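S.K.: Dropping in model_33.pdb, with PDB, C-alpha atoms.
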ATOM      1  CA  GLN A 281      -2.839   9.292  16.122  1.00  0.00           C
ATOM      2  CA  LYS A 282      -4.024   5.786  16.885  1.00  0.00           C
ATOM      3  CA  GLU A 283      -3.946   3.628  13.770  1.00  0.00           C
ATOM      4  CA  VAL A 284      -5.067   0.288  12.428  1.00  0.00           C
ATOM      5  CA  GLU A 285      -3.289  -1.069   9.362  1.00  0.00           C
ATOM      6  CA  GLN A 286      -4.476  -3.703   6.915  1.00  0.00           C
ATOM      7  CA  ASN A 287      -3.274  -4.855   3.518  1.00  0.00           C
ATOM      8  CA  SER A 288      -5.851  -3.606   1.028  1.00  0.00           C
ATOM      9  CA  GLY A 289      -5.573  -6.696  -1.176  1.00  0.00           C
ATOM     10  CA  PRO A 290      -7.205  -8.108  -3.108  1.00  0.00           C
ATOM     11  CA  LEU A 291      -6.386 -11.407  -1.474  1.00  0.00           C
ATOM     12  CA  SER A 292      -7.308 -14.117  -3.938  1.00  0.00           C
ATOM     13  CA  VAL A 293      -7.723 -17.706  -2.714  1.00  0.00           C
ATOM     14  CA  PRO A 294      -9.206 -20.813  -4.334  1.00  0.00           C
ATOM     15  CA  GLU A 295     -12.403 -22.305  -3.002  1.00  0.00           C
ATOM     16  CA  GLY A 296     -11.719 -24.634  -0.077  1.00  0.00           C
ATOM     17  CA  ALA A 297      -8.430 -22.989   0.894  1.00  0.00           C
ATOM     18  CA  ILE A 298      -7.606 -21.074   4.080  1.00  0.00           C
ATOM     19  CA  ALA A 299      -7.755 -17.294   3.806  1.00  0.00           C
ATOM     20  CA  SER A 300      -5.504 -15.387   6.212  1.00  0.00           C
ATOM     21  CA  LEU A 301      -6.226 -11.732   6.916  1.00  0.00           C
ATOM     22  CA  ASN A 302      -3.895  -9.625   9.023  1.00  0.00           C
ATOM     23  CA  CYS A 303      -4.111  -6.401  10.991  1.00  0.00           C
ATOM     24  CA  THR A 304      -1.692  -4.378  13.130  1.00  0.00           C
ATOM     25  CA  TYR A 305      -2.579  -1.596  15.544  1.00  0.00           C
ATOM     26  CA  SER A 306      -0.684   1.157  17.305  1.00  0.00           C
ATOM     27  CA  ASP A 307      -2.479   1.596  20.665  1.00  0.00           C
ATOM     28  CA  ARG A 308      -0.755  -0.642  23.220  1.00  0.00           C
ATOM     29  CA  VAL A 309      -3.548  -0.415  25.800  1.00  0.00           C
ATOM     30  CA  SER A 310      -6.389  -1.560  23.534  1.00  0.00           C
ATOM     31  CA  GLN A 311      -8.293  -4.521  24.951  1.00  0.00           C
ATOM     32  CA  SER A 312     -11.054  -5.228  22.428  1.00  0.00           C
ATOM     33  CA  PHE A 313     -10.627  -6.266  18.811  1.00  0.00           C
ATOM     34  CA  PHE A 314     -13.174  -6.980  16.107  1.00  0.00           C
ATOM     35  CA  TRP A 315     -13.533  -8.286  12.592  1.00  0.00           C
ATOM     36  CA  TYR A 316     -16.344  -7.079  10.357  1.00  0.00           C
ATOM     37  CA  ARG A 317     -17.383  -8.413   6.960  1.00  0.00           C
ATOM     38  CA  GLN A 318     -18.733  -5.928   4.429  1.00  0.00           C
ATOM     39  CA  TYR A 319     -20.288  -7.016   1.169  1.00  0.00           C
ATOM     40  CA  SER A 320     -20.237  -4.511  -1.682  1.00  0.00           C
ATOM     41  CA  GLY A 321     -22.880  -1.832  -1.167  1.00  0.00           C
ATOM     42  CA  LYS A 322     -23.872  -3.149   2.269  1.00  0.00           C
ATOM     43  CA  SER A 323     -23.097  -2.183   5.854  1.00  0.00           C
ATOM     44  CA  PRO A 324     -20.449  -3.950   7.978  1.00  0.00           C
ATOM     45  CA  GLU A 325     -21.481  -7.087   9.853  1.00  0.00           C
ATOM     46  CA  LEU A 326     -19.694  -8.128  13.046  1.00  0.00           C
ATOM     47  CA  ILE A 327     -18.312 -11.643  12.643  1.00  0.00           C
ATOM     48  CA  MET A 328     -15.690 -12.016  15.398  1.00  0.00           C
ATOM     49  CA  SER A 329     -14.720 -10.341  18.675  1.00  0.00           C
ATOM     50  CA  ILE A 330     -11.561 -11.174  20.599  1.00  0.00           C
ATOM     51  CA  TYR A 331     -10.365  -9.789  23.926  1.00  0.00           C
ATOM     52  CA  SER A 332      -7.483 -11.987  25.148  1.00  0.00           C
ATOM     53  CA  ASN A 333      -4.304 -13.355  23.648  1.00  0.00           C
ATOM     54  CA  GLY A 334      -4.594 -16.576  21.706  1.00  0.00           C
ATOM     55  CA  ASP A 335      -7.121 -18.056  19.343  1.00  0.00           C
ATOM     56  CA  LYS A 336     -10.889 -17.851  19.283  1.00  0.00           C
ATOM     57  CA  GLU A 337     -12.819 -20.134  16.960  1.00  0.00           C
ATOM     58  CA  ASP A 338     -16.367 -19.753  15.662  1.00  0.00           C
ATOM     59  CA  GLY A 339     -17.339 -22.150  12.915  1.00  0.00           C
ATOM     60  CA  ARG A 340     -15.021 -21.652   9.939  1.00  0.00           C
ATOM     61  CA  PHE A 341     -13.586 -18.450  11.448  1.00  0.00           C
ATOM     62  CA  THR A 342     -10.625 -18.196  13.831  1.00  0.00           C
ATOM     63  CA  ALA A 343      -9.430 -14.915  15.270  1.00  0.00           C
ATOM     64  CA  GLN A 344      -5.899 -14.722  16.639  1.00  0.00           C
ATOM     65  CA  LEU A 345      -4.614 -12.001  18.953  1.00  0.00           C
ATOM     66  CA  ASN A 346      -1.053 -11.210  19.991  1.00  0.00           C
ATOM     67  CA  LYS A 347      -1.009  -8.077  22.149  1.00  0.00           C
ATOM     68  CA  ALA A 348       2.778  -8.076  22.560  1.00  0.00           C
ATOM     69  CA  SER A 349       3.192  -7.821  18.790  1.00  0.00           C
ATOM     70  CA  GLN A 350       0.053  -5.629  18.410  1.00  0.00           C
ATOM     71  CA  TYR A 351      -1.265  -8.008  15.822  1.00  0.00           C
ATOM     72  CA  VAL A 352      -4.676  -9.550  15.181  1.00  0.00           C
ATOM     73  CA  SER A 353      -5.592 -11.930  12.384  1.00  0.00           C
ATOM     74  CA  LEU A 354      -8.595 -13.715  10.949  1.00  0.00           C
ATOM     75  CA  LEU A 355      -8.433 -17.153   9.390  1.00  0.00           C
ATOM     76  CA  ILE A 356     -11.262 -18.426   7.227  1.00  0.00           C
ATOM     77  CA  ARG A 357     -11.150 -22.184   6.672  1.00  0.00           C
ATOM     78  CA  ASP A 358     -12.763 -23.927   3.704  1.00  0.00           C
ATOM     79  CA  SER A 359     -13.241 -20.569   1.952  1.00  0.00           C
ATOM     80  CA  GLN A 360     -16.397 -20.253  -0.131  1.00  0.00           C
ATOM     81  CA  PRO A 361     -17.252 -17.822  -2.949  1.00  0.00           C
ATOM     82  CA  SER A 362     -19.823 -16.344  -0.551  1.00  0.00           C
ATOM     83  CA  ASP A 363     -16.915 -15.248   1.674  1.00  0.00           C
ATOM     84  CA  SER A 364     -15.832 -12.795  -1.022  1.00  0.00           C
ATOM     85  CA  ALA A 365     -16.135  -9.413   0.677  1.00  0.00           C
ATOM     86  CA  THR A 366     -14.091  -6.702   2.355  1.00  0.00           C
ATOM     87  CA  TYR A 367     -12.970  -7.550   5.890  1.00  0.00           C
ATOM     88  CA  LEU A 368     -12.539  -4.653   8.303  1.00  0.00           C
ATOM     89  CA  CYS A 369     -10.364  -4.871  11.397  1.00  0.00           C
ATOM     90  CA  ALA A 370     -11.415  -2.613  14.288  1.00  0.00           C
ATOM     91  CA  VAL A 371      -9.776  -1.815  17.617  1.00  0.00           C
ATOM     92  CA  ASN A 372     -11.555  -0.260  20.590  1.00  0.00           C
ATOM     93  CA  VAL A 373      -9.839   2.773  22.085  1.00  0.00           C
ATOM     94  CA  VAL A 374     -10.783   4.440  25.355  1.00  0.00           C
ATOM     95  CA  PHE A 375     -10.237   8.179  25.641  1.00  0.00           C
ATOM     96  CA  SER A 376     -10.188  10.454  28.680  1.00  0.00           C
ATOM     97  CA  GLY A 377     -13.630  10.722  30.191  1.00  0.00           C
ATOM     98  CA  GLY A 378     -14.289   7.066  29.494  1.00  0.00           C
ATOM     99  CA  TYR A 379     -15.359   7.566  25.887  1.00  0.00           C
ATOM    100  CA  ASN A 380     -15.071   4.448  23.744  1.00  0.00           C
ATOM    101  CA  LYS A 381     -14.649   4.420  20.024  1.00  0.00           C
ATOM    102  CA  LEU A 382     -13.569   1.980  17.346  1.00  0.00           C
ATOM    103  CA  ILE A 383     -10.660   2.720  15.050  1.00  0.00           C
ATOM    104  CA  PHE A 384     -11.127   0.907  11.726  1.00  0.00           C
ATOM    105  CA  GLY A 385      -8.602  -0.274   9.214  1.00  0.00           C
ATOM    106  CA  ALA A 386      -9.289   0.451   5.554  1.00  0.00           C
ATOM    107  CA  GLY A 387     -10.146  -3.213   4.980  1.00  0.00           C
ATOM    108  CA  THR A 388      -8.816  -6.161   3.014  1.00  0.00           C
ATOM    109  CA  ARG A 389     -10.745  -7.289  -0.037  1.00  0.00           C
ATOM    110  CA  LEU A 390     -11.017 -11.078  -0.249  1.00  0.00           C
ATOM    111  CA  ALA A 391     -11.881 -12.849  -3.488  1.00  0.00           C
ATOM    112  CA  VAL A 392     -12.604 -16.593  -3.355  1.00  0.00           C
ATOM    113  CA  HIS A 393     -12.594 -18.148  -6.804  1.00  0.00           C
ATOM    114  CA  PRO A 394     -14.188 -21.520  -7.716  1.00  0.00           C
TER     115      PRO A 394
ATOM    116  CA  ASP B 163     -37.447  -7.776  15.850  1.00  0.00           C
ATOM    117  CA  GLY B 164     -34.473  -5.954  17.328  1.00  0.00           C
ATOM    118  CA  GLY B 165     -32.060  -3.910  15.325  1.00  0.00           C
ATOM    119  CA  ILE B 166     -30.980  -0.595  13.908  1.00  0.00           C
ATOM    120  CA  THR B 167     -32.894   1.156  11.153  1.00  0.00           C
ATOM    121  CA  GLN B 168     -31.730   4.021   8.975  1.00  0.00           C
ATOM    122  CA  SER B 169     -33.766   6.098   6.593  1.00  0.00           C
ATOM    123  CA  PRO B 170     -33.867   6.960   3.849  1.00  0.00           C
ATOM    124  CA  LYS B 171     -31.810   4.343   2.015  1.00  0.00           C
ATOM    125  CA  TYR B 172     -30.925   6.835  -0.730  1.00  0.00           C
ATOM    126  CA  LEU B 173     -30.890  10.624  -0.396  1.00  0.00           C
ATOM    127  CA  PHE B 174     -30.174  13.337  -2.912  1.00  0.00           C
ATOM    128  CA  ARG B 175     -29.147  16.801  -1.808  1.00  0.00           C
ATOM    129  CA  LYS B 176     -28.979  20.009  -3.746  1.00  0.00           C
ATOM    130  CA  GLU B 177     -26.187  22.490  -3.219  1.00  0.00           C
ATOM    131  CA  GLY B 178     -26.770  24.649  -0.129  1.00  0.00           C
ATOM    132  CA  GLN B 179     -29.402  22.353   1.332  1.00  0.00           C
ATOM    133  CA  ASN B 180     -29.418  20.802   4.801  1.00  0.00           C
ATOM    134  CA  VAL B 181     -30.576  17.194   5.045  1.00  0.00           C
ATOM    135  CA  THR B 182     -31.243  14.956   8.037  1.00  0.00           C
ATOM    136  CA  LEU B 183     -30.508  11.236   8.184  1.00  0.00           C
ATOM    137  CA  SER B 184     -32.519   9.145  10.590  1.00  0.00           C
ATOM    138  CA  CYS B 185     -31.138   6.406  12.871  1.00  0.00           C
ATOM    139  CA  GLU B 186     -33.305   4.427  15.291  1.00  0.00           C
ATOM    140  CA  GLN B 187     -32.428   1.423  17.472  1.00  0.00           C
ATOM    141  CA  ASN B 188     -34.511  -0.831  19.698  1.00  0.00           C
ATOM    142  CA  LEU B 189     -31.574  -2.690  21.230  1.00  0.00           C
ATOM    143  CA  ASN B 190     -31.657  -0.571  24.407  1.00  0.00           C
ATOM    144  CA  HIS B 191     -28.058   0.489  23.771  1.00  0.00           C
ATOM    145  CA  ASP B 192     -26.776   3.655  25.430  1.00  0.00           C
ATOM    146  CA  ALA B 193     -24.010   4.536  22.965  1.00  0.00           C
ATOM    147  CA  MET B 194     -24.594   5.406  19.317  1.00  0.00           C
ATOM    148  CA  TYR B 195     -22.241   6.441  16.510  1.00  0.00           C
ATOM    149  CA  TRP B 196     -22.240   7.993  13.048  1.00  0.00           C
ATOM    150  CA  TYR B 197     -19.620   7.060  10.465  1.00  0.00           C
ATOM    151  CA  ARG B 198     -18.908   8.085   6.929  1.00  0.00           C
ATOM    152  CA  GLN B 199     -17.454   5.727   4.325  1.00  0.00           C
ATOM    153  CA  ASP B 200     -16.032   6.873   0.997  1.00  0.00           C
ATOM    154  CA  PRO B 201     -15.372   4.457  -1.890  1.00  0.00           C
ATOM    155  CA  GLY B 202     -12.428   2.181  -1.181  1.00  0.00           C
ATOM    156  CA  GLN B 203     -11.839   3.709   2.236  1.00  0.00           C
ATOM    157  CA  GLY B 204     -12.410   2.737   5.824  1.00  0.00           C
ATOM    158  CA  LEU B 205     -14.949   4.186   8.227  1.00  0.00           C
ATOM    159  CA  ARG B 206     -14.407   7.636   9.682  1.00  0.00           C
ATOM    160  CA  LEU B 207     -16.176   8.735  12.852  1.00  0.00           C
ATOM    161  CA  ILE B 208     -18.359  11.826  12.598  1.00  0.00           C
ATOM    162  CA  TYR B 209     -20.108  12.028  15.991  1.00  0.00           C
ATOM    163  CA  TYR B 210     -20.823   9.730  18.888  1.00  0.00           C
ATOM    164  CA  SER B 211     -23.082   9.748  21.906  1.00  0.00           C
ATOM    165  CA  GLN B 212     -22.544   7.756  25.093  1.00  0.00           C
ATOM    166  CA  ILE B 213     -25.894   8.659  26.680  1.00  0.00           C
ATOM    167  CA  VAL B 214     -28.984  10.767  26.081  1.00  0.00           C
ATOM    168  CA  ASN B 215     -28.337  14.516  25.836  1.00  0.00           C
ATOM    169  CA  ASP B 216     -24.601  13.971  25.462  1.00  0.00           C
ATOM    170  CA  PHE B 217     -22.564  13.762  22.260  1.00  0.00           C
ATOM    171  CA  GLN B 218     -18.964  14.239  21.191  1.00  0.00           C
ATOM    172  CA  LYS B 219     -17.294  15.242  17.951  1.00  0.00           C
ATOM    173  CA  GLY B 220     -15.470  12.517  16.122  1.00  0.00           C
ATOM    174  CA  ASP B 221     -12.633  12.889  13.648  1.00  0.00           C
ATOM    175  CA  ILE B 222     -14.579  14.637  10.871  1.00  0.00           C
ATOM    176  CA  ALA B 223     -17.401  16.567  12.576  1.00  0.00           C
ATOM    177  CA  GLU B 224     -17.134  19.780  10.546  1.00  0.00           C
ATOM    178  CA  GLY B 225     -20.284  20.393   8.511  1.00  0.00           C
ATOM    179  CA  TYR B 226     -22.375  17.932  10.533  1.00  0.00           C
ATOM    180  CA  SER B 227     -24.637  18.206  13.572  1.00  0.00           C
ATOM    181  CA  VAL B 228     -26.462  15.697  15.767  1.00  0.00           C
ATOM    182  CA  SER B 229     -28.943  15.520  18.610  1.00  0.00           C
ATOM    183  CA  ARG B 230     -29.686  12.809  21.173  1.00  0.00           C
ATOM    184  CA  GLU B 231     -33.012  13.610  22.798  1.00  0.00           C
ATOM    185  CA  LYS B 232     -34.109   9.974  23.086  1.00  0.00           C
ATOM    186  CA  LYS B 233     -32.166   6.814  23.779  1.00  0.00           C
ATOM    187  CA  GLU B 234     -33.556   5.191  20.640  1.00  0.00           C
ATOM    188  CA  SER B 235     -32.777   7.983  18.190  1.00  0.00           C
ATOM    189  CA  PHE B 236     -29.606   9.684  16.950  1.00  0.00           C
ATOM    190  CA  PRO B 237     -30.320  11.803  13.833  1.00  0.00           C
ATOM    191  CA  LEU B 238     -27.497  13.311  11.791  1.00  0.00           C
ATOM    192  CA  THR B 239     -27.868  16.585   9.889  1.00  0.00           C
ATOM    193  CA  VAL B 240     -25.563  17.222   6.957  1.00  0.00           C
ATOM    194  CA  THR B 241     -25.382  20.997   6.632  1.00  0.00           C
ATOM    195  CA  SER B 242     -24.500  23.163   3.661  1.00  0.00           C
ATOM    196  CA  ALA B 243     -21.132  23.755   5.339  1.00  0.00           C
ATOM    197  CA  GLN B 244     -20.114  20.182   4.470  1.00  0.00           C
ATOM    198  CA  LYS B 245     -18.447  20.717   1.104  1.00  0.00           C
ATOM    199  CA  ASN B 246     -18.099  17.104   0.022  1.00  0.00           C
ATOM    200  CA  PRO B 247     -21.046  15.205   1.519  1.00  0.00           C
ATOM    201  CA  THR B 248     -21.422  12.471  -1.097  1.00  0.00           C
ATOM    202  CA  ALA B 249     -20.728   9.243   0.819  1.00  0.00           C
ATOM    203  CA  PHE B 250     -22.221   6.187   2.494  1.00  0.00           C
ATOM    204  CA  TYR B 251     -23.401   7.082   6.019  1.00  0.00           C
ATOM    205  CA  LEU B 252     -23.528   4.388   8.674  1.00  0.00           C
ATOM    206  CA  CYS B 253     -25.113   4.515  12.106  1.00  0.00           C
ATOM    207  CA  ALA B 254     -24.087   2.086  14.831  1.00  0.00           C
ATOM    208  CA  SER B 255     -24.940   1.328  18.428  1.00  0.00           C
ATOM    209  CA  ARG B 256     -22.738  -0.298  21.021  1.00  0.00           C
ATOM    210  CA  GLY B 257     -23.636  -3.352  23.024  1.00  0.00           C
ATOM    211  CA  GLY B 258     -21.275  -5.139  25.331  1.00  0.00           C
ATOM    212  CA  PRO B 259     -18.402  -5.470  25.570  1.00  0.00           C
ATOM    213  CA  ASN B 260     -17.641  -2.662  23.102  1.00  0.00           C
ATOM    214  CA  GLU B 261     -19.264  -4.483  20.163  1.00  0.00           C
ATOM    215  CA  GLN B 262     -20.785  -2.105  17.627  1.00  0.00           C
ATOM    216  CA  PHE B 263     -23.658  -3.085  15.359  1.00  0.00           C
ATOM    217  CA  PHE B 264     -24.472  -1.210  12.204  1.00  0.00           C
ATOM    218  CA  GLY B 265     -27.649  -0.148  10.497  1.00  0.00           C
ATOM    219  CA  PRO B 266     -28.109  -0.682   6.738  1.00  0.00           C
ATOM    220  CA  GLY B 267     -26.766   2.772   5.838  1.00  0.00           C
ATOM    221  CA  THR B 268     -27.876   5.814   3.864  1.00  0.00           C
ATOM    222  CA  ARG B 269     -26.262   6.649   0.559  1.00  0.00           C
ATOM    223  CA  LEU B 270     -26.158  10.439   0.106  1.00  0.00           C
ATOM    224  CA  THR B 271     -25.501  12.039  -3.265  1.00  0.00           C
ATOM    225  CA  VAL B 272     -25.107  15.729  -4.001  1.00  0.00           C
ATOM    226  CA  LEU B 273     -26.743  16.834  -7.229  1.00  0.00           C
TER     227      LEU B 273
END
Give the structure from the file, written as structure tokens.

M.R.:
Amino acid sequence: QKEVEQNSGPLSVPEGAIASLNCTYSDRVSQSFFWYRQYSGKSPELIMSIYSNGDKEDGRFTAQLNKASQYVSLLIRDSQPSDSATYLCAVNVVFSGGYNKLIFGAGTRLAVHP
Amino acid sequence: DGGITQSPKYLFRKEGQNVTLSCEQNLNHDAMYWYRQDPGQGLRLIYYSQIVNDFQKGDIAEGYSVSREKKESFPLTVTSAQKNPTAFYLCASRGGPNEQFFGPGTRLTVL
């Protein structure tokens, strides 16, 4: 069974701090990794995609990927109360026949307090 | 205005009743997916479709059925065989490379 693991949290950080969210996965051949933000009662919103080892920055968000360690993380700089949400890590898996699907972690709840 | 729409937003089902959830996309995506989310849990895949007239069971397909007669549409039917259908249902479509985008969801409650 291919798995994606995340700490459920809550992760509590003060406004302006860096929030660090972590995710590990079991499928060694996965090539595509995603972070989604989900506000309470809403659907997930794609905020970052990463496909190669290293860092990828987009505004206040940085995704980090280490395929050798099967580890992907999301850093949020200058955290704002509006960043308070659940962050879902997802890993793309390809099955026989060329079928693609995402395996999701259960999510980490982030709370940014003023 | 491109995107994914789901209807209805809220749905109430009586015991023994089949209900159908609508999902439409105008993103010209080939692949579409249905997920279920229970409180405090991650997303679980119900069914997915790579192209028109083709669909595959996901991890929790029992008690559900789908059709894919048009590229734009991927309706999900929750049958009476699904014993615990109360959940948040999310439809997604896949762009490239492998990015999935979600609709606003349908919240189903069994009365």

S.K.: Residues of chain A near chain B: apply a cut-off of 8 Å, count all atoms listed in the file, and supply the list as an MDAnalysis selection string.

M.R.: chainID A and resid 312 314 322:326 329 368 372 379:380 384:387

S.K.: Identify, on the basis of only C-alpha atoms, every residue whose closest approach to Asp358 (chain A) does not exceed 6 Å; exclude the query and any residue fewer than 5 positions from it along the same chain; express the result as a compact mmCIF listing (two decimals) with C-alpha atoms, in the coordinates of the input.

M.R.:
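Below you can see part_22.txt, which holds the result:
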# COMPACT_ATOMS: atom_id res chain seq x y z
CA GLY A 296 -11.72 -24.63 -0.08
CA ALA A 297 -8.43 -22.99 0.89
CA ILE A 298 -7.61 -21.07 4.08

S.K.: Tell me, in Å to one decimal, how far CA of Gly334 (chain A) is from CA of Asn302 (chain A).

M.R.: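 It comes out at 14.5 Å.
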
S.K.: Selected by the PyMOL selection byres ((chain A and resi 390-394) around 7) in the shown coordinates: which residues, as a CSV table (one decimal) with C-alpha atoms, keeping the file's coordinate frame?

M.R.:
chain,number,residue,atom,x,y,z
A,290,PRO,CA,-7.2,-8.1,-3.1
A,291,LEU,CA,-6.4,-11.4,-1.5
A,292,SER,CA,-7.3,-14.1,-3.9
A,293,VAL,CA,-7.7,-17.7,-2.7
A,294,PRO,CA,-9.2,-20.8,-4.3
A,295,GLU,CA,-12.4,-22.3,-3.0
A,359,SER,CA,-13.2,-20.6,2.0
A,360,GLN,CA,-16.4,-20.3,-0.1
A,361,PRO,CA,-17.3,-17.8,-2.9
A,363,ASP,CA,-16.9,-15.2,1.7
A,364,SER,CA,-15.8,-12.8,-1.0
A,365,ALA,CA,-16.1,-9.4,0.7
A,366,THR,CA,-14.1,-6.7,2.4
A,388,THR,CA,-8.8,-6.2,3.0
A,389,ARG,CA,-10.7,-7.3,0.0

S.K.: Can you tell me, as a list of chain:residue names, what residues are no more than 9 Å from Ala243 (chain B) when counting only C-alpha atoms, ignoring any on the same chain fewer than 5 positions away?

M.R.: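 In the requested form, the answer reads B:Gly178, B:Asn180, B:Glu224, B:Gly225, B:Tyr226.
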
S.K.: Box for region 292-311 of chain A - axis-aligned, 8 Å on each of the six sides, all listed atoms - centre and size in Å to one decimal, as lines of an AutoDock Vina configuration file.

M.R.:
center_x = -6.5
center_y = -11.5
center_z = 10.7
size_x = 27.7
size_y = 42.2
size_z = 46.1

S.K.: As a check of understanding, name the residues that the PyMOL selection byres ((chain A and resi 383) around 6) selects in the supplied structure, as a list in words.

M.R.: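 Applying the PyMOL selection byres ((chain A and resi 383) around 6) to the structure shown produces Ala370, Val371, Leu382 and Phe384 of chain A.
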
S.K.: Excluding Pro237 (chain B) and its own-chain neighbours fewer than 3 positions away, which residues fall within 7 Å of it when counting all atoms listed in the file? Please give them as a list in words.

M.R.: Thr182, Leu183, Ser184, Cys185, Val228 and Ser229 of chain B

S.K.: Report as a count of residues only the residues that result from applying the PyMOL selection byres ((chain A and resi 338) around 12) to the structure here.

M.R.: 17

S.K.: Just give me the gap between CA of Val214 (chain B) and CA of Asp192 (chain B) in Å, one decimal is fine.

M.R.: 7.5 Å

S.K.: I'd like the contact shell of Ile213 (chain B) - 10 Å cut-off, only C-alpha atoms, skipping same-chain residues fewer than 6 positions apart - returned as a count of residues only.

M.R.: 8

S.K.: Calculate how many Å separate CA of Gln311 (chain A) from CA of Val373 (chain A), rounding to one decimal.

M.R.: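 Computing it gives 8.0 Å between the two atoms.
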
S.K.: Enumerate, as a ChimeraX atom specification, the protein, DNA and RNA residues whose atoms approach (-34.3, -4.4, 15.6) to within 10 Å, taking into account only C-alpha atoms and the coordinate frame of the file.

M.R.: /B:163-167,186-190,265
